[in-house]
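**Student:** Before we start, here is the structure in question, set down as structure tokens.
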There are 2 protein chains.
Amino acid sequence: MNTSTRPQLQITTLAGGIGGARFIRGLTQSDLVGRECDVTVIANTGDDIWVHGLRVCPDLDTLMYTLGGGISAERGWGREDETFTTKAELGIYGVEPTWFGLGDKDIATHLVRTTSLQAGYTLSQVTEALCDRWQPGVHLIPMSDDRCETHVVVDHPEKDSRAAIHFQEWWIKYHASLPAHEFISVGLDSAKPAPGVIDSIMNADLVILPPSNPVVSIGTILNIPGVADALRNTPAPVVGISPIVSNAPVRGMADACLKAIGVETSAAAVAQHYGARINGGLIDYWLIDESDSAAIPEIEAAGIQCIAVPLMMTDIDATGDMARVAIDFALSGN
Amino acid sequence: MNTSTRPQLQITTLAGGIGGARFIRGLTQSDLVGRECDVTVIANTGDDIWVHGLRVCPDLDTLMYTLGGGISAERGWGREDETFTTKAELGIYGVEPTWFGLGDKDIATHLVRTTSLQAGYTLSQVTEALCDRWQPGVHLIPMSDDRCETHVVVDHPEKDSRAAIHFQEWWIKYHASLPAHEFISVGLDSAKPAPGVIDSIMNADLVILPPSNPVVSIGTILNIPGVADALRNTPAPVVGISPIVSNAPVRGMADACLKAIGVETSAAAVAQHYGARINGGLIDYWLIDESDSAAIPEIEAAGIQCIAVPLMMTDIDATGDMARVAIDFALSGN
């Protein structure tokens, strides 16, 4: 690669919401990363949902708000200094869902998106338009412009039968406490990767899987036809950061998702779930937390190069330092 | 009529927004009216508009909020203790219209309406459902379930040509300051009266035209095929209350509307614009303000019985007293 004409490191990441967004904020906004990166973010849209007639894209919005400086620091989703006036009124009208956190500032984003989609623009185009305001400092693209929603098969507590409910209902209303028998991506078979998804993976200098949920965030993106193959075939190294530390998710409820697909909640099990590229899998390198360093031999035996570092994204610079390690580790073999 | 089986006075009113709503609040909520009334309100929906993908029905909402105790006392439209967070955010996104007053509480109403309409319910059904919450104490029905929107032909200040703009744009953005060449009801020809509109006029004991805008509120309802004929043919007396006092609208910009249709802004001219039922017109009785009492001979010469009383709706009881006079006056000839 001729660095004189392409001085920036071209990085492509797959990402879900909070974990991915915080990692990418460190990657792009901390001086500790130590190099210029041109970052493309392929966002999970399997969590997207119609709420009160509004098209809500939780992961795209979390990424956009986090990288654009508008995220609620306390909640990690939605807007800072948010109010919930409309939501309270909808509750008084007695219309469901009442469990979805629809903020008044946030509603403006959903109104712009919904009217733009209804006018015929694609989700990619709408996302680009919204980013005109937010200036996230990355190329933010949805995994697909096609509707492809994750549903969760559960024993429904109110219907006394097995039923598929929307991922958001499972995640927010039931707090992932109903055992998931299966995740179903409705629309997956006919979904195409959005423009730029495959190209950004194939043309990257480096692909990063941030510590997002390996099942319902990264996993959903990987299920879009063509994406996993692109990861297998890209000339770029692929490095992942474990979302599991000391056999528990750093945040969120990844353990409930891993259980549903029969994967143990451990840094080593997730690495092997992705699999080594040299054996037909998806990753070359894997970062685990220092507390899990005993797992390094098992992971390396599976063909994945592994390093243990502090994985807590306590602030932008701690995260930037983690990103620097991931980049250096993955490029060390090139 | 057998009052033993039908003790309440069946009153049907046509109404626009603020003026009509305040009159009907006096009619239904003041003890000074002195009798039990069962009131049906046929609301103008010509002002209805799609704003940011939301179906907004300003007159239905003003009636519902005013009669249901949720109206902003200061503004006369929208909700009390309202905030405009979403509106401000939409402005930051730079999407038009920015001139429409979309409150956060109000948005909940529009979301419920929009999703219900999109689910296939009629505007009548949606209005009834919203009124489950608001309990306005009247039968509130739209003039039509069909889309029928008032547009105003103006010399457009930004386009340098004659153009038809939505009534709300003319009214709110331009404050009715652009001379109106014509009002066009888009969809009028194929619009049918909503269920109950014709029946409520034909079966009423009394029909009242409150002091709403005679052109773009009452006039629009009258233009729905069948409504004016029902007014001409109902066995009930029809009484109107002048929205014009001392040659000026009591509130709003009815003068700009009257000018466009070539009617002078005076209590007498509006009475003659409606016309006497004995001469094929629409009203039998007409209330004018004391300050206009000199116009009584002219109005009565046109075949309309006229009385001058204080017409200022300063509070619910002042309005109730006005309603009592209108009822007694109109029923005196029966």
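Starting from 1 in every chain, residues are counted up; chains themselves are A, B, ... following the order of the structure tokens, and ligands are numbered from 1 as listed.
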Taking only C-alpha atoms into account, what are the residues of chain B at most 6 Å from chain A, put as a list in words?

**Tutor:**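 Interface list for chain B against chain A: Gly53, Thr85, Thr86, Glu89, Leu90, Asp104, Lys105, Ala108 and Thr115 of chain B.
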
**Student:** Could those residues be written to a file, using N, CA, C and O atoms, as a PDB file, in the first residue's frame?

**Tutor:**
ATOM      1  N   GLY B  53     -44.880  14.530   8.727  1.00  0.00           N
ATOM      2  CA  GLY B  53     -45.437  13.182   8.696  1.00  0.00           C
ATOM      3  C   GLY B  53     -46.571  12.950   9.669  1.00  0.00           C
ATOM      4  O   GLY B  53     -47.085  11.835   9.763  1.00  0.00           O
ATOM      5  N   THR B  85     -39.878  21.103  22.505  1.00  0.00           N
ATOM      6  CA  THR B  85     -38.543  20.518  22.365  1.00  0.00           C
ATOM      7  C   THR B  85     -38.335  19.894  20.988  1.00  0.00           C
ATOM      8  O   THR B  85     -37.330  20.143  20.323  1.00  0.00           O
ATOM      9  N   THR B  86     -39.282  19.071  20.575  1.00  0.00           N
ATOM     10  CA  THR B  86     -39.145  18.411  19.281  1.00  0.00           C
ATOM     11  C   THR B  86     -39.099  19.451  18.162  1.00  0.00           C
ATOM     12  O   THR B  86     -38.282  19.349  17.236  1.00  0.00           O
ATOM     13  N   GLU B  89     -35.716  20.953  17.875  1.00  0.00           N
ATOM     14  CA  GLU B  89     -34.788  20.002  17.260  1.00  0.00           C
ATOM     15  C   GLU B  89     -34.996  19.899  15.759  1.00  0.00           C
ATOM     16  O   GLU B  89     -34.039  19.807  14.996  1.00  0.00           O
ATOM     17  N   LEU B  90     -36.256  19.891  15.341  1.00  0.00           N
ATOM     18  CA  LEU B  90     -36.538  19.845  13.911  1.00  0.00           C
ATOM     19  C   LEU B  90     -35.946  21.075  13.229  1.00  0.00           C
ATOM     20  O   LEU B  90     -35.429  20.993  12.111  1.00  0.00           O
ATOM     21  N   ASP B 104     -44.835  19.404  22.332  1.00  0.00           N
ATOM     22  CA  ASP B 104     -44.466  18.029  22.691  1.00  0.00           C
ATOM     23  C   ASP B 104     -45.672  17.215  23.166  1.00  0.00           C
ATOM     24  O   ASP B 104     -45.815  16.045  22.811  1.00  0.00           O
ATOM     25  N   LYS B 105     -46.535  17.820  23.979  1.00  0.00           N
ATOM     26  CA  LYS B 105     -47.761  17.111  24.381  1.00  0.00           C
ATOM     27  C   LYS B 105     -48.649  16.876  23.171  1.00  0.00           C
ATOM     28  O   LYS B 105     -49.205  15.795  22.973  1.00  0.00           O
ATOM     29  N   ALA B 108     -48.200  13.894  20.808  1.00  0.00           N
ATOM     30  CA  ALA B 108     -48.786  12.596  21.172  1.00  0.00           C
ATOM     31  C   ALA B 108     -50.144  12.415  20.500  1.00  0.00           C
ATOM     32  O   ALA B 108     -50.447  11.341  19.964  1.00  0.00           O
ATOM     33  N   THR B 115     -51.090   7.181  13.363  1.00  0.00           N
ATOM     34  CA  THR B 115     -50.979   5.726  13.311  1.00  0.00           C
ATOM     35  C   THR B 115     -52.358   5.084  13.150  1.00  0.00           C
ATOM     36  O   THR B 115     -52.499   4.085  12.460  1.00  0.00           O
TER      37      THR B 115
END

**Student:** Give the helix (DSSP H, G or I) residues of segment 88-322 of chain B, as DSSP finds them on the backbone, and put them as a count of residues only.

**Tutor:** 99

**Student:** Just the residues within 10 Å of Pro243 of chain A, please, counting only C-alpha atoms, with nothing from its chain fewer than 3 positions along; format it as a ChimeraX atom specification.

**Tutor:** /A:19-20,209-214,240,247-252,254,265-267,270,287-289,311-312

**Student:** Only C-alpha atoms, please: the residues just picked out, written as a tab-separated table (two decimals), in the first residue's frame.

**Tutor:**
chain	number	residue	atom	x	y	z
A	19	GLY	CA	-20.39	-0.67	23.39
A	20	GLY	CA	-19.54	-0.14	19.74
A	209	LEU	CA	-15.05	-5.89	15.62
A	210	PRO	CA	-15.58	-3.66	18.66
A	211	PRO	CA	-16.91	-5.03	21.95
A	212	SER	CA	-20.51	-5.07	20.69
A	213	ASN	CA	-22.95	-7.88	21.35
A	214	PRO	CA	-21.62	-10.83	19.30
A	240	GLY	CA	-11.89	-8.20	17.60
A	247	ASN	CA	-17.21	-14.42	32.10
A	248	ALA	CA	-19.73	-11.57	32.11
A	249	PRO	CA	-20.75	-8.91	29.61
A	250	VAL	CA	-19.08	-5.55	30.28
A	251	ARG	CA	-22.55	-4.07	29.89
A	252	GLY	CA	-25.82	-5.13	28.35
A	254	ALA	CA	-24.95	-10.50	25.92
A	265	THR	CA	-20.18	-16.43	28.18
A	266	SER	CA	-16.41	-16.17	28.08
A	267	ALA	CA	-13.82	-14.26	26.09
A	270	VAL	CA	-16.77	-15.74	21.79
A	287	LEU	CA	-8.12	-8.63	22.57
A	288	ILE	CA	-9.17	-9.90	25.97
A	289	ASP	CA	-9.07	-8.31	29.38
A	311	LEU	CA	-10.58	-3.58	28.38
A	312	MET	CA	-12.61	-1.16	30.48

**Student:** Determine the nearest neighbour of Pro136 of chain B from the options B:Ala15, B:Ala308, B:Met313, B:Met64, counting only C-alpha atoms.

**Tutor:** B:Met64

**Student:** Which neighbours of Ala256 of chain A fall inside 10 Å, counting only C-alpha atoms, when residues of the same chain fewer than 4 positions from it are skipped, and could you give them as a PyMOL selection string?

**Tutor:** chain A and resi 171+175-180+215+249+252+260-261+263+265

**Student:** Please, could you write that set of residues out with C-alpha atoms as a CSV table (one decimal), in the first residue's frame?

**Tutor:**
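The resulting file, result31.csv, is shown below:
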chain,number,residue,atom,x,y,z
A,171,TRP,CA,-34.6,-6.4,25.5
A,175,HIS,CA,-35.0,-7.0,30.1
A,176,ALA,CA,-33.8,-10.1,28.3
A,177,SER,CA,-35.1,-12.1,31.3
A,178,LEU,CA,-37.3,-14.4,29.2
A,179,PRO,CA,-35.1,-17.3,28.0
A,180,ALA,CA,-34.6,-16.9,24.2
A,215,VAL,CA,-25.1,-12.3,18.7
A,249,PRO,CA,-20.7,-8.9,29.6
A,252,GLY,CA,-25.8,-5.1,28.4
A,260,ALA,CA,-29.6,-18.8,23.2
A,261,ILE,CA,-27.1,-19.8,20.6
A,263,VAL,CA,-22.1,-20.2,23.3
A,265,THR,CA,-20.2,-16.4,28.2

**Student:** I'd like the neighbourhood of Ser200 of chain B as an mmCIF file with C-alpha atoms, in the first residue's frame, where a residue qualifies if any of its atoms comes within 12 Å (using only C-alpha atoms), though same-chain residues fewer than 2 positions away should be ignored.

**Tutor:**
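That gives us selection30.cif:
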data_model
loop_
_atom_site.group_PDB
_atom_site.id
_atom_site.type_symbol
_atom_site.label_atom_id
_atom_site.label_comp_id
_atom_site.auth_asym_id
_atom_site.auth_seq_id
_atom_site.Cartn_x
_atom_site.Cartn_y
_atom_site.Cartn_z
ATOM 1 C CA GLN B 10 -80.676 18.609 20.724
ATOM 2 C CA ILE B 11 -78.294 21.252 19.451
ATOM 3 C CA THR B 12 -76.031 20.931 16.445
ATOM 4 C CA THR B 13 -73.277 23.444 15.832
ATOM 5 C CA LEU B 14 -70.795 23.979 13.055
ATOM 6 C CA ASP B 38 -77.134 17.464 23.980
ATOM 7 C CA VAL B 39 -74.647 19.068 21.637
ATOM 8 C CA THR B 40 -73.179 17.772 18.410
ATOM 9 C CA VAL B 41 -70.215 19.713 17.020
ATOM 10 C CA ILE B 42 -69.382 19.438 13.337
ATOM 11 C CA HIS B 139 -70.450 14.641 20.143
ATOM 12 C CA LEU B 140 -67.430 15.912 18.257
ATOM 13 C CA ILE B 141 -67.381 14.881 14.608
ATOM 14 C CA MET B 143 -67.155 17.614 8.735
ATOM 15 C CA PRO B 193 -70.094 14.478 4.967
ATOM 16 C CA ALA B 194 -68.864 12.308 7.830
ATOM 17 C CA PRO B 195 -71.364 9.934 9.469
ATOM 18 C CA GLY B 196 -73.784 11.950 11.595
ATOM 19 C CA VAL B 197 -73.214 15.314 9.935
ATOM 20 C CA ILE B 198 -76.409 15.481 7.897
ATOM 21 C CA MET B 202 -81.795 17.356 10.172
ATOM 22 C CA ASN B 203 -82.740 15.945 13.587
ATOM 23 C CA ALA B 204 -81.679 18.903 15.733
ATOM 24 C CA ASP B 205 -84.005 21.051 17.800
ATOM 25 C CA LEU B 206 -81.707 23.951 17.063
ATOM 26 C CA VAL B 207 -78.719 24.617 14.837
ATOM 27 C CA ILE B 208 -76.147 27.189 15.917
ATOM 28 C CA VAL B 227 -74.351 20.387 4.334
ATOM 29 C CA ALA B 230 -79.327 20.282 5.217
ATOM 30 C CA LEU B 231 -79.205 23.719 6.829
ATOM 31 C CA THR B 234 -83.821 21.173 8.572
ATOM 32 C CA PRO B 235 -87.027 21.741 10.554
ATOM 33 C CA ALA B 236 -84.852 23.234 13.305
#

**Student:** DSSP on the backbone: what in segment 50-273 of chain A comes out strand (DSSP E), as a ChimeraX atom specification?

**Tutor:** /A:50-51,54-56,139-142,149-156,161-166,182-186,206-209,238-241,244-245,248-249

**Student:** If we count only C-alpha atoms, what is near Leu331 of chain A at a cut-off of 10 Å, once residues fewer than 4 positions away on the same chain are taken out, given as JSON, numbers by chain?

**Tutor:** {"A": [205, 206, 236, 237, 238, 239, 285, 325, 326, 327]}

**Student:** Taking into account only C-alpha atoms, which residue in the set A:Ala276, A:Val245, A:Ala318, A:Val216 is nearest to Arg25 of chain A?

**Tutor:**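 Distance minimum relative to Arg25 of chain A lands on A:Ala318.
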
**Student:** Kindly give the distance, in Å, that separates atom CA of Ile221 of chain A and atom CA of Glu300 of chain A, rounded to a single decimal.

**Tutor:**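 Calculated distance between atom CA of Ile221 of chain A and atom CA of Glu300 of chain A is 25.2 Å.
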
**Student:** Atom CA of Pro225 of chain B to atom CA of Ala43 of chain B: how many Å, to one decimal?

**Tutor:**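 Between atom CA of Pro225 of chain B and atom CA of Ala43 of chain B the gap works out to 15.1 Å.
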